[in-house]
$ cat protein14.txt   # compact mmCIF, C-alpha atoms and all ligand atoms
# COMPACT_ATOMS: atom_id res chain seq x y z
CA MET J 1 -8.19 -6.16 19.58
CA PHE J 2 -5.56 -3.44 19.93
CA SER J 3 -2.38 -4.88 21.28
CA TRP J 4 0.24 -2.93 19.33
CA LEU J 5 -1.24 0.51 18.81
CA ASN J 6 -0.40 2.73 21.78
CA LYS J 7 -3.07 4.18 24.10
CA LYS J 8 -2.92 7.68 22.64
CA ASP J 9 -3.50 6.44 19.08
CA GLN J 10 -6.26 4.09 20.23
CA GLU J 11 -8.13 7.10 21.59
CA ASP J 12 -8.49 8.27 18.01
CA LEU J 13 -10.82 5.35 17.30
CA GLN J 14 -14.48 6.21 17.39
CA ASP J 15 -17.48 4.39 18.80
CA ASP J 16 -19.59 5.78 15.95
CA PHE J 17 -17.77 3.56 13.48
CA LYS J 18 -18.02 0.19 15.15
CA LEU J 19 -16.50 -2.44 12.86
CA ASP J 20 -17.83 -5.90 12.17
CA PRO J 21 -14.87 -8.13 13.10
CA ASN J 22 -16.13 -10.76 10.64
CA ASN J 23 -15.93 -8.43 7.66
CA ILE J 24 -12.50 -6.86 7.92
CA PRO J 25 -11.11 -6.41 4.37
CA ALA J 26 -8.26 -8.89 3.90
CA HIS J 27 -6.25 -6.64 1.56
CA VAL J 28 -6.23 -2.90 2.10
CA ALA J 29 -4.24 -0.80 -0.37
CA ILE J 30 -3.49 2.85 0.29
CA ILE J 31 -2.37 5.60 -2.10
CA MET J 32 -0.59 7.73 0.47
CA ASP J 33 -0.99 11.16 -1.09
CA GLY J 34 -0.63 14.77 0.08
CA ASN J 35 2.72 14.82 1.88
CA GLY J 36 3.93 17.80 -0.15
CA ARG J 37 0.76 19.84 0.37
CA TRP J 38 0.77 19.03 4.08
CA ALA J 39 4.25 20.55 4.33
CA GLN J 40 3.54 23.53 2.08
CA ARG J 41 0.56 24.51 4.22
CA ARG J 42 2.91 24.69 7.15
CA HIS J 43 5.50 26.64 5.16
CA LEU J 44 7.86 23.70 5.41
CA PRO J 45 9.86 22.08 2.59
CA ARG J 46 8.02 19.21 0.85
CA VAL J 47 10.40 16.65 2.33
CA ALA J 48 9.14 17.54 5.83
CA GLY J 49 5.84 16.06 4.70
CA HIS J 50 7.54 12.86 3.59
CA LYS J 51 9.27 12.58 6.97
CA GLN J 52 6.01 13.04 8.84
CA GLY J 53 4.36 10.62 6.39
CA MET J 54 6.84 7.94 7.41
CA ASP J 55 5.67 8.20 11.02
CA THR J 56 2.10 7.83 9.78
CA VAL J 57 3.12 4.63 7.99
CA LYS J 58 4.30 3.18 11.31
CA ILE J 59 1.09 4.04 13.14
CA ILE J 60 -1.16 2.79 10.34
CA THR J 61 0.84 -0.44 10.13
CA GLN J 62 0.18 -1.00 13.83
CA ALA J 63 -3.52 -0.24 13.50
CA ALA J 64 -3.91 -2.44 10.42
CA SER J 65 -2.17 -5.36 12.10
CA ASP J 66 -4.30 -4.96 15.23
CA LEU J 67 -7.47 -4.88 13.11
CA GLY J 68 -6.61 -8.22 11.54
CA ILE J 69 -5.90 -6.99 8.01
CA LYS J 70 -3.93 -9.67 6.13
CA VAL J 71 -2.18 -7.49 3.56
CA LEU J 72 -1.54 -3.75 3.79
CA THR J 73 -0.22 -2.41 0.49
CA LEU J 74 1.24 1.10 0.58
CA TYR J 75 2.03 3.04 -2.58
CA ALA J 76 5.29 4.71 -1.63
CA PHE J 77 6.95 5.66 -4.93
CA SER J 78 5.65 5.38 -8.47
CA THR J 79 7.56 4.82 -11.69
CA GLU J 80 6.49 8.39 -12.57
CA ASN J 81 7.81 9.97 -9.34
CA TRP J 82 11.33 10.11 -10.86
CA LYS J 83 10.05 13.24 -12.64
CA ARG J 84 10.35 15.17 -9.36
CA PRO J 85 13.36 17.34 -8.44
CA ALA J 86 16.47 15.32 -7.62
CA ASP J 87 16.57 16.54 -4.00
CA GLU J 88 13.09 15.25 -3.32
CA VAL J 89 13.74 11.94 -5.07
CA ASN J 90 16.97 11.48 -3.11
CA TYR J 91 15.13 12.13 0.13
CA LEU J 92 12.42 9.63 -0.78
CA MET J 93 15.09 7.04 -1.58
CA LYS J 94 16.63 7.49 1.88
CA LEU J 95 13.34 7.05 3.72
CA PRO J 96 13.16 3.24 3.45
CA VAL J 97 16.65 3.06 4.99
CA ASP J 98 15.48 5.09 8.02
CA PHE J 99 12.15 3.36 8.18
CA PHE J 100 13.45 -0.19 8.23
CA ASP J 101 16.41 0.70 10.49
CA THR J 102 14.05 1.88 13.19
CA PHE J 103 11.01 -0.30 12.63
CA VAL J 104 12.09 -3.84 11.68
CA PRO J 105 12.49 -5.01 15.31
CA ASP J 106 8.89 -3.95 16.00
CA LEU J 107 7.70 -5.64 12.82
CA ILE J 108 9.36 -8.89 13.87
CA LYS J 109 7.94 -8.62 17.38
CA HIS J 110 4.46 -8.27 15.93
CA ASN J 111 4.95 -10.94 13.30
CA VAL J 112 4.68 -8.63 10.26
CA ARG J 113 6.34 -9.72 7.04
CA VAL J 114 7.73 -7.10 4.66
CA ASN J 115 7.18 -7.49 0.92
CA VAL J 116 8.16 -5.04 -1.78
CA MET J 117 6.82 -4.85 -5.30
CA GLY J 118 8.30 -2.65 -7.97
CA TYR J 119 11.39 -2.29 -10.12
CA THR J 120 13.72 -2.41 -7.13
CA ASP J 121 16.79 -3.03 -9.30
CA GLN J 122 16.55 0.65 -10.39
CA LEU J 123 16.75 1.94 -6.79
CA PRO J 124 20.02 3.28 -5.27
CA ALA J 125 22.20 0.52 -3.79
CA LYS J 126 21.56 1.59 -0.18
CA THR J 127 17.80 1.54 -0.69
CA GLN J 128 18.00 -1.87 -2.33
CA LYS J 129 20.00 -3.19 0.61
CA ALA J 130 17.56 -1.78 3.20
CA VAL J 131 14.67 -3.39 1.34
CA ALA J 132 16.41 -6.74 0.87
CA ASP J 133 17.45 -6.84 4.56
CA ALA J 134 13.92 -6.04 5.77
CA ILE J 135 12.48 -8.81 3.59
CA GLU J 136 15.10 -11.28 4.79
CA ASP J 137 14.78 -10.30 8.48
CA THR J 138 10.99 -10.72 8.48
CA LYS J 139 10.73 -13.72 6.17
CA ASP J 140 9.52 -16.09 8.90
CA CYS J 141 6.76 -13.77 10.14
CA ASP J 142 3.33 -15.11 9.29
CA GLY J 143 1.06 -12.30 10.47
CA MET J 144 0.17 -9.30 8.34
CA VAL J 145 2.09 -8.66 5.12
CA LEU J 146 3.29 -5.07 4.86
CA ASN J 147 3.59 -4.70 1.11
CA PHE J 148 5.34 -1.59 -0.23
CA ALA J 149 4.89 -0.49 -3.82
CA LEU J 150 8.27 1.09 -4.45
CA ASN J 151 9.19 2.22 -7.94
CA TYR J 152 5.95 0.55 -8.90
CA GLY J 153 3.80 1.35 -11.91
CA SER J 154 0.91 -0.74 -13.08
CA ARG J 155 1.39 -0.19 -16.82
CA ALA J 156 5.04 -1.22 -16.56
CA GLU J 157 3.97 -4.23 -14.47
CA ILE J 158 1.42 -5.30 -17.10
CA THR J 159 3.91 -4.68 -19.92
CA THR J 160 6.47 -6.93 -18.20
CA ALA J 161 3.81 -9.61 -17.70
CA VAL J 162 2.84 -9.46 -21.39
CA GLN J 163 6.49 -9.77 -22.39
CA GLU J 164 6.96 -12.84 -20.18
CA ILE J 165 3.81 -14.49 -21.47
CA ALA J 166 4.71 -13.69 -25.10
CA GLN J 167 8.11 -15.27 -24.51
CA ALA J 168 6.49 -18.43 -23.11
CA VAL J 169 4.26 -18.64 -26.19
CA LYS J 170 7.21 -18.06 -28.50
CA THR J 171 9.22 -20.90 -26.96
CA GLY J 172 6.21 -23.21 -27.20
CA GLU J 173 5.65 -23.50 -23.43
CA MET J 174 2.05 -22.47 -23.95
CA GLU J 175 -0.50 -21.79 -26.68
CA PRO J 176 -2.02 -18.29 -27.09
CA SER J 177 -5.43 -19.80 -26.28
CA GLU J 178 -4.07 -21.02 -22.94
CA VAL J 179 -3.48 -17.45 -21.73
CA THR J 180 -6.20 -16.77 -19.14
CA ASP J 181 -7.01 -14.21 -16.43
CA GLU J 182 -5.15 -16.49 -14.07
CA THR J 183 -2.02 -16.54 -16.29
CA ILE J 184 -1.94 -12.75 -16.22
CA SER J 185 -2.51 -12.54 -12.44
CA GLN J 186 0.35 -14.97 -11.94
CA HIS J 187 2.74 -12.77 -13.88
CA LEU J 188 1.95 -9.62 -11.90
CA MET J 189 3.94 -8.39 -8.90
CA THR J 190 1.07 -9.28 -6.57
CA ALA J 191 1.23 -12.99 -7.51
CA SER J 192 3.04 -13.94 -4.30
CA LEU J 193 0.10 -12.64 -2.24
CA GLY J 194 -1.92 -15.66 -3.40
CA GLN J 195 -5.59 -15.45 -2.47
CA TYR J 196 -5.09 -11.89 -1.22
CA ARG J 197 -3.54 -10.52 -4.40
CA ASP J 198 -6.48 -8.23 -5.32
CA PRO J 199 -7.24 -5.38 -2.87
CA ASP J 200 -10.68 -5.41 -1.27
CA VAL J 201 -10.50 -1.70 -0.70
CA VAL J 202 -8.31 1.09 -2.03
CA ILE J 203 -8.01 4.25 0.04
CA ARG J 204 -6.57 7.49 -1.35
CA THR J 205 -5.86 10.44 0.90
CA SER J 206 -5.53 14.16 0.08
CA GLY J 207 -8.82 14.50 -1.80
CA GLU J 208 -7.48 13.43 -5.20
CA GLU J 209 -9.80 10.96 -6.87
CA ARG J 210 -7.63 9.09 -9.34
CA ILE J 211 -5.60 5.89 -9.51
CA SER J 212 -2.22 7.22 -10.71
CA ASN J 213 -1.08 3.94 -12.26
CA PHE J 214 -1.75 1.78 -9.19
CA LEU J 215 -2.77 -1.89 -9.49
CA LEU J 216 -4.87 -1.39 -12.62
CA TRP J 217 -5.59 -5.07 -13.16
CA GLN J 218 -6.00 -5.97 -9.50
CA ILE J 219 -8.62 -3.31 -8.68
CA ALA J 220 -11.25 -4.65 -11.10
CA TYR J 221 -13.67 -5.22 -8.19
CA SER J 222 -12.10 -3.21 -5.37
CA GLU J 223 -14.10 -0.69 -3.37
CA PHE J 224 -12.74 2.88 -3.38
CA VAL J 225 -12.66 5.26 -0.47
CA PHE J 226 -11.35 8.77 -1.15
CA MET J 227 -10.58 10.86 1.90
CA ALA J 228 -9.71 14.54 2.27
CA PRO J 229 -6.91 14.52 4.89
CA HIS J 230 -3.33 14.58 3.67
CA TRP J 231 -1.34 11.45 4.42
CA PRO J 232 0.68 12.89 7.35
CA ASP J 233 -2.68 13.65 9.04
CA PHE J 234 -4.06 10.15 8.46
CA THR J 235 -4.94 8.32 11.68
CA PRO J 236 -6.16 4.94 12.95
CA GLY J 237 -9.59 6.56 13.34
CA LEU J 238 -9.64 7.46 9.63
CA LEU J 239 -8.58 3.92 8.71
CA GLN J 240 -11.42 2.66 10.88
CA GLN J 241 -13.79 5.07 9.10
CA ALA J 242 -12.66 3.84 5.67
CA ILE J 243 -13.22 0.22 6.70
CA TYR J 244 -16.60 1.15 8.14
CA GLU J 245 -17.50 2.67 4.78
CA TYR J 246 -16.27 -0.52 3.06
CA GLN J 247 -18.40 -2.66 5.35
CA HIS J 248 -21.50 -0.74 4.31
CA ARG J 249 -20.95 -1.24 0.58
CA LYS J 250 -22.65 -4.05 -1.30
CA ARG J 251 -20.13 -5.95 -3.39
CA ARG J 252 -21.84 -7.76 -6.23
CA PHE J 253 -19.00 -8.81 -8.56
CA GLY J 254 -21.46 -8.55 -11.43
CA GLY J 255 -24.03 -10.76 -9.74
CA LEU J 256 -26.95 -9.84 -7.52
CA SER J 257 -26.92 -8.92 -3.82
CA LYS J 258 -27.61 -11.75 -1.44
C1 LIG Y 301 2.67 11.36 -1.62
O1 LIG Y 301 2.69 12.72 -1.39
C2 LIG Y 301 4.04 10.72 -1.55
C3 LIG Y 301 4.64 10.41 -2.85
C4 LIG Y 301 4.06 10.49 -4.02
C5 LIG Y 301 6.02 9.99 -2.86
P1 LIG Y 301 3.03 13.76 -2.52
O2 LIG Y 301 4.50 14.00 -2.47
O3 LIG Y 301 2.50 13.34 -3.82
O4 LIG Y 301 2.29 15.05 -1.99
P2 LIG Y 301 1.46 16.07 -2.85
O5 LIG Y 301 0.44 15.28 -3.61
O6 LIG Y 301 2.42 16.76 -3.75
O7 LIG Y 301 0.84 16.99 -1.86
C1 LIG Y 302 0.69 8.61 -6.46
O1 LIG Y 302 0.74 9.91 -6.04
C2 LIG Y 302 1.96 7.90 -6.09
C3 LIG Y 302 2.18 7.68 -4.67
C4 LIG Y 302 1.36 7.95 -3.71
C5 LIG Y 302 3.44 7.08 -4.35
P1 LIG Y 302 1.23 11.10 -6.99
O2 LIG Y 302 1.19 12.32 -6.17
O3 LIG Y 302 2.51 10.75 -7.63
O4 LIG Y 302 0.09 11.11 -8.11
P2 LIG Y 302 -0.38 12.26 -9.08
O5 LIG Y 302 0.83 12.80 -9.77
O6 LIG Y 302 -1.04 13.29 -8.24
O7 LIG Y 302 -1.35 11.59 -10.00
MG MG Y 303 0.74 13.62 -4.77
$ encode --input "protein14.txt" --output "structure tokens" --more "lines below"
Ligand code: IPE
Ligand code: IPE
Ligand code: MG
Amino acid sequence: MFSWLNKKDQEDLQDDFKLDPNNIPAHVAIIMDGNGRWAQRRHLPRVAGHKQGMDTVKIITQAASDLGIKVLTLYAFSTENWKRPADEVNYLMKLPVDFFDTFVPDLIKHNVRVNVMGYTDQLPAKTQKAVADAIEDTKDCDGMVLNFALNYGSRAEITTAVQEIAQAVKTGEMEPSEVTDETISQHLMTASLGQYRDPDVVIRTSGEERISNFLLWQIAYSEFVFMAPHWPDFTPGLLQQAIYEYQHRKRRFGGLSK
């Protein structure tokens, strides 16, 4: 099963949490939280946590791909994170450049396609270029989709969708009564993920138990797993544990258990 993850990281996986290979969640979304606190605990500047967090992203990408996850969505920067000090924001904007510079060859080798959702036109030019290049360079990969939410906010996403749909009604392309769940899903930034557009499980690290404007529409029936470790301390074993937890939930979608 594990062909990409290196030996040392594989050792983190635990026999106690044996996964059912037939019930791996197709779409796993992670709110990667706690980088700042991780650094502060070590008396380091907050950005040291973001740097370490980037290494965690690489390891978790490998583990997710090896596990057979189809879409791994990672919340990297929210539309509200611009409120942070300029130095921190600038650092966060440079991270994708570093990340893709060093990691795209591995992604291609392991057939991972990069997707980015968010208001990327508001990002600095260098960040936009790094993102666009990574998408272009991996466009023919048909393994896991590594989907970054970058300058993403769910309320903004829904607002944009409503504007587009209202415009289509105004121009007579559709009637108000023709607007369905499906119409709305198709106007969201997850539309290109097709059958995998809604996460099966959402994981949040760092002990916070809130959504922070992430995929509000798409999580209608997602399972939630909140975990205490800060993102830089997240490991393949913890991902395995979260999926194990998911596999022991009963999803009913409003119906009755089988
Ligand atoms: C998550 O870590 C990364 C981003 C939001 C960019 P934080 O930076 O939010 O870390 P804490 O929550 O302050 O510890
Ligand atoms: C959510 O974390 C955004 C990301 C992980 C990118 P925040 O740290 O921004 O969320 P709040 O402010 O604690 O709700
Ligand atoms: Mg945070």
$ residues_near_point --input "protein14.txt" --point "(9.6, 8.9, -13.1)" --cutoff "12 Å" --atoms "all atoms listed in the file" --output "ChimeraX atom specification"
/J:77-86,89,119,122-123,150-153,156,213
$ closest_residue --input "protein14.txt" --among "J:Pro124, J:Asn111, J:Pro232, J:Ile30" --to "Ser212 in chain J" --atoms "all atoms listed in the file"
J:Ile30
$ residues_near_point --input "protein14.txt" --point "(-7.6, 4.9, -12.2)" --cutoff "12 Å" --atoms "only C-alpha atoms" --output "VMD selection string"
chain J and resid 31 153 to 155 202 204 208 to 220 222 224
$ closest_residue --input "protein14.txt" --among "J:Glu88, J:Asp9, J:Asp15, J:Asp33" --to "ligand LIG 301 (chain Y)" --atoms "only C-alpha atoms and all ligand atoms"
J:Asp33
$ closest_residue --input "protein14.txt" --among "J:Leu92, J:Ala242, J:Ala132, J:Val71" --to "Gly36 in chain J" --atoms "all atoms listed in the file"
J:Leu92
$ closest_residue --input "protein14.txt" --among "J:Ala48, J:Met54, J:Ile24, J:Ala64" --to "Phe2 in chain J" --atoms "only C-alpha atoms"
J:Ala64
$ atom_distance --input "protein14.txt" --atom1 "CA of Leu74 in chain J" --atom2 "CA of Lys8 in chain J"
23.4 Å
$ atom_distance --input "protein14.txt" --atom1 "CA of Tyr221 in chain J" --atom2 "CA of Ile243 in chain J"
15.9 Å
$ atom_distance --input "protein14.txt" --atom1 "CA of Leu107 in chain J" --atom2 "CA of Thr138 in chain J"
7.4 Å
$ closest_residue --input "protein14.txt" --among "J:Leu67, J:Pro45, J:Val162, J:Tyr75" --to "ligand MG 303 (chain Y)" --atoms "only C-alpha atoms and all ligand atoms"
J:Tyr75
$ axis_aligned_box --input "protein14.txt" --around "ligand LIG 301 (chain Y)" --padding-each-side "4 Å" --output "AutoDock Vina command-line options"
--center_x 3.2 --center_y 13.5 --center_z -2.7 --size_x 13.6 --size_y 15.0 --size_z 10.6
$ decode --input "protein14.txt" --residues "range 178-192 of chain J" --atoms "all heavy atoms" --output "mmCIF file, in the first residue's frame"
data_model
loop_
_atom_site.group_PDB
_atom_site.id
_atom_site.type_symbol
_atom_site.label_atom_id
_atom_site.label_comp_id
_atom_site.auth_asym_id
_atom_site.auth_seq_id
_atom_site.Cartn_x
_atom_site.Cartn_y
_atom_site.Cartn_z
ATOM 1 N N GLU J 178 -35.833 27.035 -11.797
ATOM 2 C CA GLU J 178 -34.888 26.016 -12.294
ATOM 3 C C GLU J 178 -33.607 25.963 -11.461
ATOM 4 O O GLU J 178 -32.741 25.119 -11.703
ATOM 5 C CB GLU J 178 -34.527 26.310 -13.760
ATOM 6 C CG GLU J 178 -35.672 26.025 -14.716
ATOM 7 C CD GLU J 178 -35.402 26.525 -16.128
ATOM 8 O OE1 GLU J 178 -34.502 27.371 -16.327
ATOM 9 O OE2 GLU J 178 -36.119 26.077 -17.034
ATOM 10 N N VAL J 179 -33.458 26.864 -10.511
ATOM 11 C CA VAL J 179 -32.269 26.857 -9.647
ATOM 12 C C VAL J 179 -32.424 25.738 -8.620
ATOM 13 O O VAL J 179 -33.364 25.735 -7.827
ATOM 14 C CB VAL J 179 -32.075 28.211 -8.930
ATOM 15 C CG1 VAL J 179 -30.871 28.144 -7.987
ATOM 16 C CG2 VAL J 179 -31.913 29.341 -9.938
ATOM 17 N N THR J 180 -31.519 24.760 -8.683
ATOM 18 C CA THR J 180 -31.589 23.594 -7.788
ATOM 19 C C THR J 180 -30.298 23.488 -6.970
ATOM 20 O O THR J 180 -29.350 24.247 -7.197
ATOM 21 C CB THR J 180 -31.725 22.293 -8.609
ATOM 22 O OG1 THR J 180 -30.559 22.192 -9.444
ATOM 23 C CG2 THR J 180 -32.983 22.304 -9.479
ATOM 24 N N ASP J 181 -30.268 22.528 -6.069
ATOM 25 C CA ASP J 181 -29.040 22.157 -5.352
ATOM 26 C C ASP J 181 -27.874 21.991 -6.326
ATOM 27 O O ASP J 181 -26.764 22.438 -6.082
ATOM 28 C CB ASP J 181 -29.211 20.740 -4.757
ATOM 29 C CG ASP J 181 -29.715 20.766 -3.341
ATOM 30 O OD1 ASP J 181 -30.500 21.670 -3.029
ATOM 31 O OD2 ASP J 181 -29.328 19.862 -2.581
ATOM 32 N N GLU J 182 -28.177 21.287 -7.406
ATOM 33 C CA GLU J 182 -27.167 20.959 -8.400
ATOM 34 C C GLU J 182 -26.628 22.244 -9.063
ATOM 35 O O GLU J 182 -25.430 22.370 -9.282
ATOM 36 C CB GLU J 182 -27.805 20.016 -9.438
ATOM 37 C CG GLU J 182 -26.884 19.487 -10.506
ATOM 38 C CD GLU J 182 -25.660 18.730 -9.964
ATOM 39 O OE1 GLU J 182 -25.731 18.144 -8.864
ATOM 40 O OE2 GLU J 182 -24.619 18.775 -10.647
ATOM 41 N N THR J 183 -27.534 23.197 -9.352
ATOM 42 C CA THR J 183 -27.095 24.465 -9.956
ATOM 43 C C THR J 183 -26.079 25.130 -9.039
ATOM 44 O O THR J 183 -25.031 25.622 -9.476
ATOM 45 C CB THR J 183 -28.290 25.446 -10.101
ATOM 46 O OG1 THR J 183 -29.434 24.749 -10.562
ATOM 47 C CG2 THR J 183 -27.954 26.599 -11.015
ATOM 48 N N ILE J 184 -26.403 25.156 -7.750
ATOM 49 C CA ILE J 184 -25.524 25.820 -6.787
ATOM 50 C C ILE J 184 -24.184 25.085 -6.714
ATOM 51 O O ILE J 184 -23.121 25.703 -6.826
ATOM 52 C CB ILE J 184 -26.218 25.937 -5.414
ATOM 53 C CG1 ILE J 184 -27.439 26.867 -5.560
ATOM 54 C CG2 ILE J 184 -25.250 26.453 -4.345
ATOM 55 C CD1 ILE J 184 -28.381 26.881 -4.387
ATOM 56 N N SER J 185 -24.229 23.753 -6.586
ATOM 57 C CA SER J 185 -22.970 22.976 -6.530
ATOM 58 C C SER J 185 -22.091 23.264 -7.748
ATOM 59 O O SER J 185 -20.866 23.345 -7.640
ATOM 60 C CB SER J 185 -23.272 21.473 -6.462
ATOM 61 O OG SER J 185 -23.805 21.146 -5.195
ATOM 62 N N GLN J 186 -22.751 23.405 -8.891
ATOM 63 C CA GLN J 186 -21.977 23.628 -10.128
ATOM 64 C C GLN J 186 -21.328 25.004 -10.196
ATOM 65 O O GLN J 186 -20.420 25.214 -10.983
ATOM 66 C CB GLN J 186 -22.869 23.414 -11.347
ATOM 67 C CG GLN J 186 -23.018 21.940 -11.677
ATOM 68 C CD GLN J 186 -23.981 21.687 -12.808
ATOM 69 O OE1 GLN J 186 -24.463 22.623 -13.449
ATOM 70 N NE2 GLN J 186 -24.281 20.426 -13.061
ATOM 71 N N HIS J 187 -21.826 25.928 -9.385
ATOM 72 C CA HIS J 187 -21.227 27.268 -9.397
ATOM 73 C C HIS J 187 -20.204 27.465 -8.282
ATOM 74 O O HIS J 187 -19.660 28.549 -8.128
ATOM 75 C CB HIS J 187 -22.320 28.344 -9.314
ATOM 76 C CG HIS J 187 -22.974 28.590 -10.639
ATOM 77 N ND1 HIS J 187 -24.015 27.821 -11.111
ATOM 78 C CD2 HIS J 187 -22.703 29.494 -11.612
ATOM 79 C CE1 HIS J 187 -24.359 28.256 -12.313
ATOM 80 N NE2 HIS J 187 -23.587 29.266 -12.634
ATOM 81 N N LEU J 188 -19.963 26.428 -7.499
ATOM 82 C CA LEU J 188 -18.966 26.549 -6.428
ATOM 83 C C LEU J 188 -17.582 26.140 -6.941
ATOM 84 O O LEU J 188 -17.458 25.532 -8.005
ATOM 85 C CB LEU J 188 -19.387 25.690 -5.220
ATOM 86 C CG LEU J 188 -20.726 26.103 -4.590
ATOM 87 C CD1 LEU J 188 -21.097 25.158 -3.449
ATOM 88 C CD2 LEU J 188 -20.704 27.548 -4.105
ATOM 89 N N MET J 189 -16.558 26.481 -6.159
ATOM 90 C CA MET J 189 -15.183 26.249 -6.607
ATOM 91 C C MET J 189 -14.793 24.776 -6.598
ATOM 92 O O MET J 189 -13.735 24.414 -7.107
ATOM 93 C CB MET J 189 -14.217 27.049 -5.738
ATOM 94 C CG MET J 189 -14.366 28.549 -5.937
ATOM 95 S SD MET J 189 -13.415 29.444 -4.693
ATOM 96 C CE MET J 189 -13.709 31.136 -5.219
ATOM 97 N N THR J 190 -15.638 23.938 -6.009
ATOM 98 C CA THR J 190 -15.392 22.503 -5.983
ATOM 99 C C THR J 190 -16.013 21.791 -7.186
ATOM 100 O O THR J 190 -15.881 20.575 -7.309
ATOM 101 C CB THR J 190 -15.981 21.898 -4.695
ATOM 102 O OG1 THR J 190 -17.257 22.502 -4.452
ATOM 103 C CG2 THR J 190 -15.087 22.135 -3.499
ATOM 104 N N ALA J 191 -16.696 22.546 -8.064
ATOM 105 C CA ALA J 191 -17.446 21.919 -9.161
ATOM 106 C C ALA J 191 -16.572 20.988 -9.997
ATOM 107 O O ALA J 191 -17.008 19.900 -10.388
ATOM 108 C CB ALA J 191 -18.085 22.987 -10.043
ATOM 109 N N SER J 192 -15.316 21.397 -10.233
ATOM 110 C CA SER J 192 -14.459 20.598 -11.115
ATOM 111 C C SER J 192 -14.091 19.241 -10.505
ATOM 112 O O SER J 192 -13.559 18.374 -11.197
ATOM 113 C CB SER J 192 -13.184 21.374 -11.463
ATOM 114 O OG SER J 192 -12.356 21.445 -10.321
#
